Protein chains: 4
Amino acid sequence: MMQVMDEQKRLRILAAATELFAAQPFHKVLLSEVAEAAGVGKGTLYVYFKNKDDLYLSVLSSGFMRLMEQLRHRMSEGTQGPVENLETVVREIVQFAYQNPHLFELMRTNTRRETRHRSQWVKKSMELRSIIESVILQGVRTGEFRDAHPKLTARFIPGLVRSVMIEAAPIADRATLTNHILWFVKAALTSKQKGENPALKQQVGP
Amino acid sequence: MMQVMDEQKRLRILAAATELFAAQPFHKVLLSEVAEAAGVGKGTLYVYFKNKDDLYLSVLSSGFMRLMEQLRHRMSEGTQGPVENLETVVREIVQFAYQNPHLFELMRTNTRRETRHRSQWVKKSMELRSIIESVILQGVRTGEFRDAHPKLTARFIPGLVRSVMIEAAPIADRATLTNHILWFVKAALTSKQKGENPALKQQVGP
Amino acid sequence: MMQVMDEQKRLRILAAATELFAAQPFHKVLLSEVAEAAGVGKGTLYVYFKNKDDLYLSVLSSGFMRLMEQLRHRMSEGTQGPVENLETVVREIVQFAYQNPHLFELMRTNTRRETRHRSQWVKKSMELRSIIESVILQGVRTGEFRDAHPKLTARFIPGLVRSVMIEAAPIADRATLTNHILWFVKAALTSKQKGENPALKQQVGP
Amino acid sequence: MMQVMDEQKRLRILAAATELFAAQPFHKVLLSEVAEAAGVGKGTLYVYFKNKDDLYLSVLSSGFMRLMEQLRHRMSEGTQGPVENLETVVREIVQFAYQNPHLFELMRTNTRRETRHRSQWVKKSMELRSIIESVILQGVRTGEFRDAHPKLTARFIPGLVRSVMIEAAPIADRATLTNHILWFVKAALTSKQKGENPALKQQVGP
DNA sequence: TATGAATGAGGATTCATTCAT
DNA sequence: TATGAATGAATCCTCATTCAT
């Protein structure tokens, strides 16, 4: 009854909302402001989104999907060695974080919540993890990386990037940050350090 | 007026608020729920806290200060080698994260919000960073660590821990997680990797 | 402009609106629902009706006029005794009520609302009353009926039918209801009961 | 958590709402007006009522209960003959209709709808019917009344009164109306008319 | 000090109506 | 003539905050 009438308008709203939600906490963002920023009427928001929550979740969800799109695209461009691939992945995430600073800050928890967005989010989230994991596994296979728990590592790398972006951005420029993150991750994975990661008490789940 | 009469009550409120703020975004947390969870009247909240923002900041601030207390205490117990010290710091943070899971999830951005707490937060935050940084510097000095930007590293280590706790906790037990974090950080810092971190374009700020 | 082009469409809208208005109070009936039920676009409603109020009044008015048409037709078919005429009138109203259950439920108050329909309504309403009244007067003249205030009686007979239809329909079949109403009205008007209806304090108006 | 804090205030709100809902259609009644008329803040309405619908239903429900209260009270005052009892019942209903003209108009359909009010309404509704029915049965037993279907008659008498009040009120004074209704009902029930109400096709339900 | 009923500013949401196509 | 996407005025409702007890 409303489906995709004007995708352009939907995107304009999404863009305006992204900016505003990133700049202020949820409850300070007025839908009237979103509407004005998007150049549409207040009622129009409700044509494209169920309500404020839905709009917010859509902002998160769509941003995340954009990241995945780019990542999948880059990864499919010919095969590289694990180090190169790791660089690509990390650079891509960092670049995305720089291009969507607000959005990246928003990628916290809140996705736990209900709704139709949930499933898409979970799916994309898993896809991201598996891309990272496969890169690590590739390195382990070639002997260039060492990692007793690629699954764990894969899970927290995006969060690590986010953490750096938020905490360290104020004191370093983009190139420095990117290099530092890359160095840190590569250093960890290529380290010859021994004796760590003793036998696991418990199997690591999926 | 508002001279705290019952510290126990204040702590009960803080504990209830911590849990709720960790479980939901700020605007979904109702003060009536906080009051009920704490077993006090709604009005009582205003005896101990200026308003909702103040309560929120107090939650962050108080938890963070607890962490600092412990950390400073542990660090003052005799001098150790940099690796041991790093282990201590990381273990302490992880332990704190386990003991205050809700609080730890809260350590997001929101430091934007100003109030009287702001300054305390900034101060404690700086203290934590400088402890971590000094440990890294110690290692660099002894040649056991390599790090072109200890300041940056110091900044994101707490966030790294947070990220791991949140993302990876569901699929691994405590010991595994702790070891994995320790390994990752130590591996990175002790790596003999070369060629990374070229000259900085810009001075790294304070 | 707005010259009705498709009488069929107009009737479809009217029928859909009748059903919906009968099922829910005015403010719960959405024009979007009416449009959908009628199988037309929302904007089309405004081609045939000035606004929501106008549509509502048209529903009442058109239905009522249909009743009057039938009634006038039946009454013109030769002259009968007052009892037969009363039977005809009541049966006709009951039959109409059965054929237009939704519409009949709608015959509530709302004549308050003004518009152009108002006058038509009032006119038709008066015509119905006067038919009923004339039948009663006929009976009074022949001595078969007794009624100190035919005007009053004439006014509430349609409402009486409506009341029976709504309240009693769930527990009795059509024949039973019809007979019961007929019996009730005839019994009242042919009763030999005395002593009631003392002198009126005030003239009964038009 | 809110239950019956100040019954007086609840009644003030109910009274104000009754007046306003009777004077205008639902959607024209503003809660801000109700609040002002009741001398309370807007938010207070929501302490005592779930929402606008709930307030509306409460108005209907409470009014109806008031009628039942009075009626039950009057009926319990000593035993009378069926004619006297019928007079009492009808007079009581008429009197109530005069005292609550708006409310009486409201007693249309809308109760079909959901909610907690529903059950109370149904219960009171049944009680009213059974009082009327018992009076009719009493008369049938003493031979003073004739009625093949007291259940049906009992069901529509309140609606009959309502109908008269609405349709005929504009042209007659109170005494005239009351007497006319009484005469009509008594005339019908005491009529010696014969031959009506042939065998029923179907049992009359509860 | 503790409370929770009362409040009303603030903002999300609805839906009749318009108008470009 | 027919449409339905767009609109924003109109209002319901929320919830942090106050204050009398």
# chains A, B, ... in the order shown; residues from 1 in each chain; ligands from 1

call {"tool": "residues_around", "arguments": {"residues": "stretch 6-14 of chain F", "least_positions_apart": "6", "cutoff": "7 Å", "atoms": "only C-alpha atoms (C1' of nucleotides)", "output": "PDB file with N, CA and C atoms, in the first residue's frame"}}
result
ATOM      1  N   GLY A  41       7.230  16.635   3.965  1.00  0.00           N
ATOM      2  CA  GLY A  41       6.290  16.928   5.044  1.00  0.00           C
ATOM      3  C   GLY A  41       6.407  15.905   6.150  1.00  0.00           C
ATOM      4  N   LYS A  42       5.952  16.302   7.327  1.00  0.00           N
ATOM      5  CA  LYS A  42       6.054  15.412   8.477  1.00  0.00           C
ATOM      6  C   LYS A  42       5.342  14.091   8.203  1.00  0.00           C
ATOM      7  N   GLY A  43       4.163  14.207   7.627  1.00  0.00           N
ATOM      8  CA  GLY A  43       3.378  13.005   7.371  1.00  0.00           C
ATOM      9  C   GLY A  43       4.062  12.037   6.418  1.00  0.00           C
ATOM     10  N   THR A  44       4.881  12.575   5.553  1.00  0.00           N
ATOM     11  CA  THR A  44       5.548  11.733   4.565  1.00  0.00           C
ATOM     12  C   THR A  44       6.455  10.701   5.227  1.00  0.00           C
TER      13      THR A  44
END

call {"tool": "select_by_dssp", "arguments": {"residues": "chain C", "states": "helix (DSSP H, G or I)", "output": "PyMOL selection string"}}
result
chain C and resi 7-23+26-28+31-38+42-48+52-76+82-99+101-106+116-142+150-171+174-190

call {"tool": "write_last_selection", "arguments": {"atoms": "C-alpha atoms", "output": "compact mmCIF listing (two decimals), in the first residue's frame"}}
result
# COMPACT_ATOMS: atom_id res chain seq x y z
CA GLU C 7 -23.77 6.46 -10.99
CA GLN C 8 -22.70 2.87 -10.40
CA LYS C 9 -19.51 4.04 -8.78
CA ARG C 10 -21.38 6.48 -6.63
CA LEU C 11 -23.60 3.69 -5.41
CA ARG C 12 -20.67 1.41 -4.73
CA ILE C 13 -19.13 4.06 -2.56
CA LEU C 14 -22.40 4.67 -0.79
CA ALA C 15 -22.85 0.97 -0.12
CA ALA C 16 -19.35 0.55 1.24
CA ALA C 17 -19.72 3.62 3.41
CA THR C 18 -23.06 2.47 4.73
CA GLU C 19 -21.62 -0.78 5.93
CA LEU C 20 -18.62 0.82 7.55
CA PHE C 21 -20.51 3.65 9.20
CA ALA C 22 -22.94 1.14 10.63
CA ALA C 23 -20.18 -0.98 12.07
CA PHE C 26 -18.00 8.06 12.68
CA HIS C 27 -14.50 8.87 13.80
CA LYS C 28 -13.27 5.31 13.47
CA LEU C 31 -11.89 7.29 4.22
CA SER C 32 -9.06 5.12 3.03
CA GLU C 33 -11.05 2.10 4.18
CA VAL C 34 -14.17 3.34 2.51
CA ALA C 35 -12.25 3.83 -0.72
CA GLU C 36 -10.73 0.41 -0.54
CA ALA C 37 -14.01 -1.28 0.29
CA ALA C 38 -15.60 0.51 -2.63
CA LYS C 42 -9.24 7.82 -2.09
CA GLY C 43 -9.37 10.87 -4.28
CA THR C 44 -12.39 9.55 -6.08
CA LEU C 45 -14.47 9.94 -2.96
CA TYR C 46 -14.02 13.66 -3.33
CA VAL C 47 -15.32 13.55 -6.86
CA TYR C 48 -18.66 12.28 -5.66
CA LYS C 52 -16.49 12.97 5.04
CA ASP C 53 -19.49 14.63 6.61
CA ASP C 54 -21.16 14.90 3.28
CA LEU C 55 -20.57 11.23 2.60
CA TYR C 56 -22.02 10.33 5.95
CA LEU C 57 -25.10 12.44 5.44
CA SER C 58 -25.51 11.06 1.96
CA VAL C 59 -25.51 7.57 3.35
CA LEU C 60 -28.31 8.42 5.72
CA SER C 61 -30.20 10.52 3.28
CA SER C 62 -30.06 8.18 0.33
CA GLY C 63 -31.11 5.20 2.36
CA PHE C 64 -33.93 7.06 3.93
CA MET C 65 -35.15 8.24 0.60
CA ARG C 66 -35.23 4.72 -0.66
CA LEU C 67 -37.47 3.77 2.22
CA MET C 68 -39.77 6.66 1.49
CA GLU C 69 -39.96 5.76 -2.15
CA GLN C 70 -41.13 2.27 -1.36
CA LEU C 71 -43.50 3.39 1.32
CA ARG C 72 -45.16 6.01 -0.77
CA HIS C 73 -45.49 3.52 -3.56
CA ARG C 74 -47.15 0.90 -1.39
CA MET C 75 -49.49 3.37 0.21
CA SER C 76 -50.73 4.62 -3.11
CA PRO C 82 -56.56 1.81 8.97
CA VAL C 83 -55.53 -1.53 10.45
CA GLU C 84 -54.46 -2.83 7.06
CA ASN C 85 -52.65 0.39 6.35
CA LEU C 86 -50.86 0.31 9.66
CA GLU C 87 -49.83 -3.25 8.94
CA THR C 88 -48.54 -2.21 5.57
CA VAL C 89 -46.54 0.67 6.96
CA VAL C 90 -44.99 -1.31 9.76
CA ARG C 91 -44.26 -4.31 7.56
CA GLU C 92 -42.66 -2.05 5.04
CA ILE C 93 -40.42 -0.45 7.62
CA VAL C 94 -39.47 -3.80 9.07
CA GLN C 95 -38.74 -5.20 5.66
CA PHE C 96 -36.61 -2.21 4.85
CA ALA C 97 -34.80 -2.65 8.12
CA TYR C 98 -34.03 -6.23 7.22
CA GLN C 99 -32.86 -5.30 3.80
CA PRO C 101 -29.60 -3.54 8.47
CA HIS C 102 -26.54 -1.33 8.50
CA LEU C 103 -28.40 1.67 7.34
CA PHE C 104 -31.08 1.19 9.87
CA GLU C 105 -28.65 1.06 12.70
CA LEU C 106 -27.34 4.34 11.49
CA ARG C 116 -27.20 20.62 2.20
CA HIS C 117 -28.45 17.12 2.98
CA ARG C 118 -30.01 18.37 6.10
CA SER C 119 -32.95 19.88 4.38
CA GLN C 120 -33.64 16.83 2.25
CA TRP C 121 -33.48 14.71 5.32
CA VAL C 122 -35.85 16.87 7.22
CA LYS C 123 -38.22 16.87 4.33
CA LYS C 124 -38.23 13.13 3.85
CA SER C 125 -38.44 12.66 7.54
CA MET C 126 -41.51 14.79 7.71
CA GLU C 127 -43.05 12.90 4.85
CA LEU C 128 -42.60 9.58 6.63
CA ARG C 129 -44.09 10.96 9.79
CA SER C 130 -47.03 12.37 8.02
CA ILE C 131 -47.77 9.07 6.29
CA ILE C 132 -47.76 7.28 9.61
CA GLU C 133 -49.72 10.01 11.25
CA SER C 134 -52.37 9.97 8.55
CA VAL C 135 -52.83 6.25 9.02
CA ILE C 136 -53.29 6.73 12.73
CA LEU C 137 -55.67 9.60 12.18
CA GLN C 138 -57.64 7.49 9.76
CA GLY C 139 -58.01 4.87 12.48
CA VAL C 140 -58.97 7.41 15.06
CA ARG C 141 -61.58 8.79 12.72
CA THR C 142 -63.10 5.37 12.12
CA PRO C 150 -50.84 10.78 16.81
CA LYS C 151 -48.01 13.20 16.09
CA LEU C 152 -45.93 11.78 18.91
CA THR C 153 -46.75 8.22 18.02
CA ALA C 154 -45.93 8.79 14.39
CA ARG C 155 -42.56 10.12 15.36
CA PHE C 156 -41.31 7.23 17.33
CA ILE C 157 -42.65 4.27 15.42
CA PRO C 158 -39.61 4.07 13.12
CA GLY C 159 -37.38 4.29 16.17
CA LEU C 160 -39.39 1.60 17.85
CA VAL C 161 -38.82 -0.68 14.90
CA ARG C 162 -35.16 0.15 14.92
CA SER C 163 -34.95 -0.60 18.62
CA VAL C 164 -36.61 -3.95 18.24
CA MET C 165 -34.46 -4.87 15.30
CA ILE C 166 -31.28 -4.10 17.12
CA GLU C 167 -32.10 -5.40 20.54
CA ALA C 168 -34.30 -8.34 19.84
CA ALA C 169 -33.00 -9.62 16.53
CA PRO C 170 -30.39 -11.81 18.17
CA ILE C 171 -32.99 -13.88 19.96
CA ARG C 174 -37.73 -12.48 11.37
CA ALA C 175 -41.34 -13.61 11.37
CA THR C 176 -41.51 -13.56 15.12
CA LEU C 177 -40.07 -10.11 15.31
CA THR C 178 -42.34 -8.74 12.65
CA ASN C 179 -45.39 -10.19 14.28
CA HIS C 180 -44.36 -8.97 17.66
CA ILE C 181 -43.88 -5.44 16.51
CA LEU C 182 -47.15 -5.47 14.63
CA TRP C 183 -48.96 -6.87 17.60
CA PHE C 184 -47.41 -4.35 19.93
CA VAL C 185 -48.31 -1.32 17.86
CA LYS C 186 -51.77 -2.51 16.98
CA ALA C 187 -52.46 -3.56 20.54
CA ALA C 188 -51.51 -0.14 21.81
CA LEU C 189 -53.55 1.75 19.28
CA THR C 190 -56.64 -0.45 19.49

call {"tool": "interface_residues", "arguments": {"of": "chain E", "to": "chain B", "cutoff": "8 Å", "atoms": "only C-alpha atoms (C1' of nucleotides)", "output": "list in words"}}
result
DT1, DA2, DT3 and DG4 of chain E

call {"tool": "interface_residues", "arguments": {"of": "chain F", "to": "chain C", "cutoff": "7 Å", "atoms": "only C-alpha atoms (C1' of nucleotides)", "output": "ChimeraX atom specification"}}
result
/F:2-4

call {"tool": "atom_distance", "arguments": {"atom1": "atom CA of C:Gly81", "atom2": "atom CA of C:Gly143"}}
result
11.3 Å

call {"tool": "atom_distance", "arguments": {"atom1": "atom CA of B:Ser191", "atom2": "atom CA of A:Ser191"}}
result
4.9 Å

call {"tool": "atom_distance", "arguments": {"atom1": "atom CA of A:Arg146", "atom2": "atom CA of A:Lys192"}}
result
7.8 Å
